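Colleague: File name work_15.cif; file contents mmCIF, C-alpha atoms; full text below.
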```cif
data_data
#
loop_
_atom_site.label_atom_id
_atom_site.label_comp_id
_atom_site.auth_asym_id
_atom_site.auth_seq_id
_atom_site.Cartn_x
_atom_site.Cartn_y
_atom_site.Cartn_z
CA MET A 1 -14.29 -1.01 4.92
CA GLN A 2 -13.63 -4.22 6.71
CA SER A 3 -14.44 -7.67 5.77
CA SER A 4 -16.83 -10.48 5.77
CA PHE A 5 -17.54 -10.19 9.48
CA LYS A 6 -19.89 -7.30 8.85
CA SER A 7 -23.42 -7.64 7.61
CA SER A 8 -24.06 -7.32 3.89
CA PRO A 9 -23.25 -3.81 2.69
CA PRO A 10 -25.71 -1.61 0.85
CA SER A 11 -25.79 -2.09 -2.92
CA PHE A 12 -23.80 1.09 -3.65
CA ILE A 13 -20.96 -0.21 -1.46
CA GLU A 14 -21.03 -3.51 -3.34
CA GLU A 15 -20.71 -1.56 -6.60
CA ILE A 16 -17.68 0.32 -5.23
CA GLN A 17 -16.13 -2.96 -4.11
CA ARG A 18 -16.64 -4.54 -7.54
CA ALA A 19 -15.04 -1.51 -9.20
CA LEU A 20 -12.12 -1.65 -6.75
CA ARG A 21 -11.53 -5.31 -7.51
CA ALA A 22 -11.63 -4.73 -11.27
CA VAL A 23 -9.14 -1.87 -11.09
CA ALA A 24 -6.83 -3.55 -8.58
CA MET A 25 -6.65 -6.73 -10.65
CA GLN A 26 -5.06 -4.67 -13.44
CA ALA A 27 -2.89 -2.41 -11.25
CA ASP A 28 0.86 -2.76 -11.11
CA HIS A 29 1.20 -0.43 -8.10
CA ILE A 30 -1.18 -0.40 -5.15
CA ILE A 31 -1.06 2.44 -2.62
CA PHE A 32 -2.39 2.04 0.91
CA MET A 33 -3.10 5.38 2.50
CA GLY A 34 -5.05 5.15 5.73
CA TYR A 35 -5.65 1.41 5.41
CA SER A 36 -3.74 -0.98 7.65
CA LEU A 37 -4.57 -4.42 6.22
CA PRO A 38 -6.05 -5.49 9.56
CA PRO A 39 -5.82 -9.21 10.39
CA ASP A 40 -9.60 -9.55 10.58
CA ASP A 41 -10.05 -8.21 7.06
CA VAL A 42 -9.65 -11.64 5.52
CA THR A 43 -11.65 -10.71 2.42
CA TYR A 44 -9.26 -8.02 1.24
CA ARG A 45 -6.14 -9.85 2.36
CA ALA A 46 -7.25 -12.82 0.27
CA PHE A 47 -8.12 -10.52 -2.63
CA PHE A 48 -4.69 -8.85 -2.70
CA SER A 49 -2.96 -12.20 -2.25
CA ALA A 50 -4.88 -13.60 -5.22
CA ARG A 51 -3.89 -10.54 -7.24
CA CYS A 52 -0.22 -11.22 -6.50
CA GLN A 53 -0.50 -14.94 -7.23
CA ARG A 54 -1.83 -14.13 -10.68
CA GLU A 55 1.48 -12.48 -11.56
CA ARG A 56 3.75 -15.26 -10.31
CA LYS A 57 4.40 -16.54 -13.79
CA PRO A 58 7.82 -16.56 -15.50
CA GLY A 59 8.59 -13.09 -16.83
CA ALA A 60 5.63 -11.41 -15.10
CA SER A 61 6.20 -8.46 -12.78
CA PRO A 62 4.44 -8.66 -9.44
CA PRO A 63 2.44 -5.65 -8.30
CA ARG A 64 4.24 -3.26 -5.98
CA CYS A 65 2.83 -1.67 -2.86
CA THR A 66 3.39 1.74 -1.31
CA ILE A 67 2.24 2.39 2.24
CA VAL A 68 1.67 5.96 3.39
CA ASP A 69 1.27 6.25 7.13
CA ARG A 70 2.26 8.51 9.99
CA ASP A 71 5.32 7.39 11.94
CA ASP A 72 7.02 10.13 13.95
CA ASN A 73 10.21 8.05 14.17
CA HIS A 74 10.37 7.39 10.42
CA ARG A 75 9.06 10.41 8.54
CA ASP A 76 10.76 9.79 5.20
CA TRP A 77 10.71 7.31 2.31
CA TYR A 78 11.99 3.79 2.94
CA GLY A 79 12.55 1.22 0.21
CA PRO A 80 12.51 -2.56 0.48
CA ALA A 81 16.12 -2.83 1.68
CA ALA A 82 15.54 -0.38 4.54
CA LEU A 83 12.32 -2.13 5.49
CA SER A 84 14.06 -5.48 5.83
CA ASP A 85 15.05 -4.40 9.36
CA TRP A 86 11.48 -3.35 10.19
CA THR A 87 9.80 -6.53 11.33
CA ARG A 88 7.04 -7.05 13.82
CA ARG A 89 6.29 -3.39 14.27
CA LYS A 90 3.40 -2.33 16.46
CA ASP A 91 1.47 -1.46 13.31
CA HIS A 92 1.59 -4.61 11.30
CA VAL A 93 0.78 -3.06 7.91
CA ILE A 94 4.38 -3.32 6.67
CA ASP A 95 4.66 -6.97 7.66
CA ALA A 96 1.23 -7.74 6.20
CA ALA A 97 2.07 -6.00 2.92
CA ARG A 98 5.43 -7.77 2.70
CA ASP A 99 3.69 -11.11 3.26
CA ILE A 100 1.24 -10.37 0.45
CA PHE A 101 3.33 -8.46 -2.11
CA GLY A 102 6.78 -9.82 -1.31
CA LYS A 103 9.58 -8.19 0.64
CA ASP A 104 11.12 -6.60 -2.48
CA ASN A 105 7.85 -4.99 -3.57
CA VAL A 106 6.90 -2.82 -0.59
CA ARG A 107 8.03 0.71 0.26
CA PHE A 108 6.92 3.08 3.01
CA TYR A 109 6.49 6.80 3.56
CA GLY A 110 6.19 7.76 7.22
CA GLY A 111 5.32 11.45 6.93
CA GLY A 112 1.65 10.66 6.41
CA ALA A 113 -0.88 12.58 4.38
CA PRO A 114 -0.95 15.33 3.32
CA ASN A 115 2.85 15.55 3.73
CA VAL A 116 3.41 12.92 1.05
CA PHE A 117 2.19 15.55 -1.47
CA LEU A 118 4.02 18.59 -0.02
CA ASP A 119 7.49 19.98 -0.65
CA LYS A 120 9.64 21.68 2.00
CA THR A 121 7.69 24.93 1.59
CA GLY A 122 4.38 23.17 2.27
CA ARG A 123 3.14 23.32 -1.32
CA ALA A 124 1.75 20.34 -3.22
CA THR A 125 3.88 19.65 -6.27
CA GLN A 126 3.84 17.41 -9.30
CA ASP A 127 7.24 16.04 -8.28
CA LYS A 128 5.88 14.84 -4.92
CA LEU A 129 2.86 13.30 -6.61
CA ARG A 130 5.12 11.61 -9.16
CA GLN A 131 7.30 10.26 -6.32
CA LEU A 132 4.21 8.69 -4.77
CA LEU A 133 2.73 7.27 -7.95
CA GLU A 134 5.82 6.13 -9.83
CA TRP A 135 7.98 3.39 -8.44
CA SER A 136 11.40 3.96 -9.98
CA SER A 137 14.22 1.94 -8.54
CA PRO A 138 13.01 -0.01 -5.48
CA ASP A 139 15.48 1.71 -3.15
CA ALA A 140 15.80 5.04 -4.94
CA VAL A 141 13.13 6.80 -2.97
#
```
Any chance you could put this one into structure tokens?

Modeller:
Amino acid sequence: MQSSFKSSPPSFIEEIQRALRAVAMQADHIIFMGYSLPPDDVTYRAFFSARCQRERKPGASPPRCTIVDRDDNHRDWYGPAALSDWTRRKDHVIDAARDIFGKDNVRFYGGGAPNVFLDKTGRATQDKLRQLLEWSSPDAV
């Protein structure tokens, strides 16, 4: 769903958006899967930026961001250090996420969905789900 440039959404969409905001304000790991943080979506960019600003207090941990997308040239996991060389890509989601969450708090999986859930035999596993959901060491992906 994109931003404030659209007409007012139906009430059930507003309820979903309120629930999303409430959950995201408490989240320590936000996963974008199929959402590109488009430049014209100023509402959600501002929302995620505000979420990150809330944690910029001494001793507080900023939220981390995982991006799952399809990139035939980069079909694996890439941590913050590897992404430091990935600037101004044709799909700006990595740059946008790094601007919002900070360069050390963004990682990327380029195999897309459903591959992010599948092992080498093509079966969904708990280990693959854990790898997606749990951010261990920033570059140990």

Colleague: For the file shown, what are the residues hit by the PyMOL selection byres ((chain A and resi 109) around 6), laid out as a list in words?

Modeller: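 Going through the file, the PyMOL selection byres ((chain A and resi 109) around 6) ends up selecting Val68, Asp76, Trp77, Phe108, Gly110 and Gly111 of chain A.
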
Colleague: Take the PyMOL selection byres ((chain A and resi 48) around 12), apply it to the structure above, and return the hits as an MDAnalysis selection string.

Modeller: chainID A and resid 20:32 37 41:47 49:55 62:65 96:102

Colleague: Evaluate the PyMOL selection byres ((chain A and resi 79) around 12) against this structure - the residues, as a PyMOL selection string, please.

Modeller: chain A and resi 64-67+76-78+80-86+94+98+103-110+135-141

Colleague: Just to confirm, what's the straight-line distance from atom CA of A:His92 to atom CA of A:Val116 in Å (one decimal)?

Modeller: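 A separation of 20.4 Å between them.
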
Colleague: Rounded to one decimal place, report the atom CA of A:Leu118-atom CA of A:Asp69 distance in Å.

Modeller: 14.5 Å

Colleague: Can you measure atom CA of A:Tyr35 to atom CA of A:Ala60 for me? One decimal in Å is fine.

Modeller: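 About the pair atom CA of A:Tyr35 and atom CA of A:Ala60: they are 26.7 Å apart.
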
Colleague: Just need the box for stretch 117-124 of chain A, edges along x, y and z, holding every atom the file lists for it with 8 Å tacked onto each side, so centre and edge lengths in Å to one decimal, as AutoDock Vina command-line options.

Modeller:
```
--center_x 5.7 --center_y 20.2 --center_z -0.5 --size_x 23.9 --size_y 25.4 --size_z 21.5
```
